[in-house]
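Novice: Please read through the structure below; I'll follow up with questions.
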Amino acid sequence: MKKLKPHQLFSTHLFETDGHPFDVSGWKLIKSIHADASFIKRNAVQIVADPFLFVHNDCLFVFYENLISVNNGTIEMTQTKDMINWSKPITVLKCNTHLSYPFIFRDAGNIFMIPETYQGKNVQLFKANPDLTEWSFEKEILNGDEYVDSSIFLHDHVYYLFTTVIRENYDYELQLYFSNDLYGEFVKHPKSPIAIGHSVGRSGGAIFKVENKIFRPAQICEKYYGESLSIYRIKVLTTNDYQEEIEIDRFLSKPMIPAGHHFHFAKFNNKLIIAIDEVGFTFNFWVFWYTMLKRMNCK
């Protein structure tokens, strides 16, 4: 769920590095998937965002949100074996509601995805076929609210679910749930909500570990959506307590690298591959017209 202005768009960029993932000076751009900035194109791709990387069968997969004009987003995928030749992007998941943020993970030998399905007021779990080209519905994890940007992090044999609910005036409320079983009931954490606000309450990618420390990327949307991103270090994560502190403020910001609202990485072919998205600004006549009509119909 994005509070986009008609002239905003997002593109995705992949980098490789031999160094620390936080050292942006060592990032080398290897691939970009651009949105369409055409002024008059009727079905322009407005969003190529929320990229998640996954290594499977000696291939690197990139899953991302693809949104044409103001239609519902779908989940697309491209893959490579050598970081040079990439497969033609295909749609791997499409529903009658908007889809984005394709968080993907492996558990007990299976591969799962939790895409954002806020229009259904739920958090859904999908399971992959062997080549990751088709995804089938497995279960509903949560329901009853407009959950966005949900991720699961397995820590000390407990599944922790981080998910954001958007309140009035698009204020972000980061909620935390946990379960001892992926297929079991997820219970709200006693410290939930664990973060509230436009600059901290919405995750900008999966929870991850670096050098045995746990980190959470958080979107900064103070001036506009997709403005930047910060990194928080999770100091305490148990079923009774949660504590975090800022590690890097405005991690994704120009001029060093493109400004964006998403960060993910994976190790592939002895390289660290970084995936981010970049917010841009353009003007497309049809996107503007469709957006105005939608707003008029909502009144």
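Residue numbers start at 1 in each chain; chains themselves are named A, B, ... in the order of the structure tokens; ligands are numbered from 1 in the order shown.
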May I have all residues of segment 50-92 of chain A that DSSP, computed from the backbone, assigns to strand (DSSP E), given as a VMD selection string?

Specialist: chain A and resid 50 to 56 59 to 68 74 to 80 90 to 92

Novice: Restricting it to N, CA and C atoms, dump the selection as a compact mmCIF listing (two decimals), in the first residue's frame.

Specialist:
```txt
# COMPACT_ATOMS: atom_id res chain seq x y z
N ASP A 50 10.39 -3.03 -4.39
CA ASP A 50 10.41 -4.08 -3.35
C ASP A 50 11.15 -5.33 -3.81
N PRO A 51 12.38 -5.21 -4.32
CA PRO A 51 13.09 -6.40 -4.83
C PRO A 51 13.62 -7.30 -3.71
N PHE A 52 13.31 -8.59 -3.82
CA PHE A 52 13.84 -9.60 -2.91
C PHE A 52 14.67 -10.60 -3.71
N LEU A 53 15.85 -10.93 -3.18
CA LEU A 53 16.76 -11.88 -3.81
C LEU A 53 16.61 -13.25 -3.18
N PHE A 54 16.82 -14.29 -4.00
CA PHE A 54 16.76 -15.65 -3.47
C PHE A 54 17.63 -16.56 -4.32
N VAL A 55 18.48 -17.36 -3.67
CA VAL A 55 19.36 -18.29 -4.38
C VAL A 55 18.76 -19.69 -4.31
N HIS A 56 18.61 -20.32 -5.49
CA HIS A 56 17.99 -21.63 -5.56
C HIS A 56 18.49 -22.35 -6.80
N CYS A 59 20.99 -20.67 -9.09
CA CYS A 59 20.50 -19.48 -9.78
C CYS A 59 20.18 -18.39 -8.76
N LEU A 60 20.33 -17.15 -9.20
CA LEU A 60 19.91 -16.02 -8.40
C LEU A 60 18.58 -15.52 -8.95
N PHE A 61 17.56 -15.48 -8.10
CA PHE A 61 16.24 -15.02 -8.48
C PHE A 61 16.01 -13.62 -7.90
N VAL A 62 15.32 -12.79 -8.66
CA VAL A 62 14.88 -11.49 -8.18
C VAL A 62 13.36 -11.43 -8.32
N PHE A 63 12.67 -11.27 -7.20
CA PHE A 63 11.22 -11.12 -7.18
C PHE A 63 10.91 -9.66 -6.83
N TYR A 64 9.93 -9.07 -7.50
CA TYR A 64 9.64 -7.66 -7.27
C TYR A 64 8.20 -7.33 -7.65
N GLU A 65 7.74 -6.20 -7.12
CA GLU A 65 6.42 -5.68 -7.48
C GLU A 65 6.50 -5.01 -8.84
N ASN A 66 5.52 -5.31 -9.69
CA ASN A 66 5.39 -4.65 -10.98
C ASN A 66 3.99 -4.05 -11.07
N LEU A 67 3.91 -2.74 -11.28
CA LEU A 67 2.60 -2.08 -11.34
C LEU A 67 2.53 -1.21 -12.59
N ILE A 68 1.51 -1.45 -13.39
CA ILE A 68 1.27 -0.69 -14.60
C ILE A 68 0.21 0.35 -14.33
N THR A 74 1.44 -6.75 -9.47
CA THR A 74 1.66 -8.19 -9.58
C THR A 74 3.10 -8.48 -9.15
N ILE A 75 3.41 -9.77 -8.93
CA ILE A 75 4.77 -10.16 -8.58
C ILE A 75 5.45 -10.75 -9.80
N GLU A 76 6.59 -10.17 -10.17
CA GLU A 76 7.35 -10.66 -11.31
C GLU A 76 8.69 -11.21 -10.84
N MET A 77 9.30 -12.01 -11.73
CA MET A 77 10.57 -12.65 -11.39
C MET A 77 11.47 -12.71 -12.61
N THR A 78 12.77 -12.51 -12.38
CA THR A 78 13.79 -12.78 -13.37
C THR A 78 14.92 -13.52 -12.67
N GLN A 79 15.71 -14.29 -13.41
CA GLN A 79 16.77 -15.10 -12.79
C GLN A 79 18.01 -15.13 -13.66
N THR A 80 19.15 -15.49 -13.04
CA THR A 80 20.42 -15.57 -13.76
C THR A 80 21.30 -16.64 -13.14
N ILE A 90 8.88 -12.72 -15.85
CA ILE A 90 7.56 -13.33 -15.98
C ILE A 90 6.75 -13.00 -14.72
N THR A 91 5.43 -13.01 -14.87
CA THR A 91 4.55 -12.83 -13.73
C THR A 91 4.37 -14.17 -13.03
N VAL A 92 4.72 -14.23 -11.74
CA VAL A 92 4.62 -15.49 -11.00
C VAL A 92 3.45 -15.51 -10.04
```

Novice: Could you pull the residues within 8 Å of Leu29 of chain A, counting only C-alpha atoms, minus those fewer than 6 positions along the same chain, as a PyMOL selection string?

Specialist: chain A and resi 13-16

Novice: Output C-alpha atoms for every residue in that selection, as a tab-separated table (two decimals), in the first residue's frame.

Specialist:
```
chain	number	residue	atom	x	y	z
A	13	HIS	CA	18.84	-1.65	-9.03
A	14	LEU	CA	21.21	-4.53	-8.26
A	15	PHE	CA	24.79	-4.06	-7.06
A	16	GLU	CA	27.64	-6.42	-6.22
```

Novice: Which residue is closest to Ile194 of chain A? Choose from A:Tyr172, A:Phe208, A:Tyr242, A:Tyr147 and count only C-alpha atoms.

Specialist: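 Result for the nearest residue to Ile194 of chain A: A:Tyr242.
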
Novice: Nearest to Glu227 of chain A: which of A:Glu116, A:Glu278, A:Glu140, A:Asp181 is it, counting only C-alpha atoms?

Specialist: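 Among A:Glu116, A:Glu278, A:Glu140, A:Asp181, it is A:Glu278 that comes nearest to Glu227 of chain A.
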
Novice: Using only C-alpha atoms, find the one residue out of A:Thr238, A:Asn180, A:Ser228, A:Ser199 that sits nearest to His261 of chain A.

Specialist: A:Ser228

Novice: If we count only C-alpha atoms and set the cut-off at 9 Å, which residues sit around Gly226 of chain A, ignoring sequence neighbours fewer than 5 positions away in its own chain? Please answer as a list of chain:residue names.

Specialist: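 Here the qualifying residues turn out to be A:Lys2, A:Leu4, A:Phe10, A:Gln219, A:Ile220, A:Cys221, A:Ala259, A:Gly260, A:His261, A:His262, A:Asp277, A:Glu278, A:Val279.
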
Novice: Using only C-alpha atoms, which of A:Asn240, A:Ser203, A:Ser150, A:Gln124 sits nearest Val187 of chain A?

Specialist: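 Smallest separation from Val187 of chain A among the options: A:Asn240.
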
Novice: When distances are computed from only C-alpha atoms, which of A:Ser25, A:Thr17, A:Ser11, A:Leu93 shows the smallest separation from Ile274 of chain A?

Specialist: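 When distances to Ile274 of chain A are compared using only C-alpha atoms, the smallest one comes from A:Thr17.
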
Novice: Counting only C-alpha atoms, what is within 6 Å of Leu161 of chain A, bar same-chain residues fewer than 6 positions away, as an MDAnalysis selection string?

Specialist: chainID A and resid 151:152 176:178

Novice: Quick one: pull the distance between atom CA of Tyr232 of chain A and atom CA of Tyr160 of chain A, Å, one decimal.

Specialist: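 Distance reported for this atom pair: 16.4 Å.
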
Novice: Find the residues around Glu245 of chain A up to 12 Å (only C-alpha atoms counted), leave out those fewer than 3 positions away in its own chain, and share them as a list of chain:residue names.

Specialist: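 Neighbouring residues, sequence-local ones excluded: A:Ile194, A:Ala195, A:Val200, A:Ile214, A:Phe215, A:Arg216, A:Pro217, A:Ala218, A:Ser230, A:Ile231, A:Tyr232, A:Arg233, A:Ile234, A:Lys235, A:Val236, A:Tyr242, A:Ile248, A:Asp249.
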
Novice: With distances taken over only C-alpha atoms, which residue among A:Ala206, A:Ile166, A:Glu138, A:His157 lies nearest Lys121 of chain A?

Specialist: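 Among A:Ala206, A:Ile166, A:Glu138, A:His157, it is A:Ile166 that comes nearest to Lys121 of chain A.
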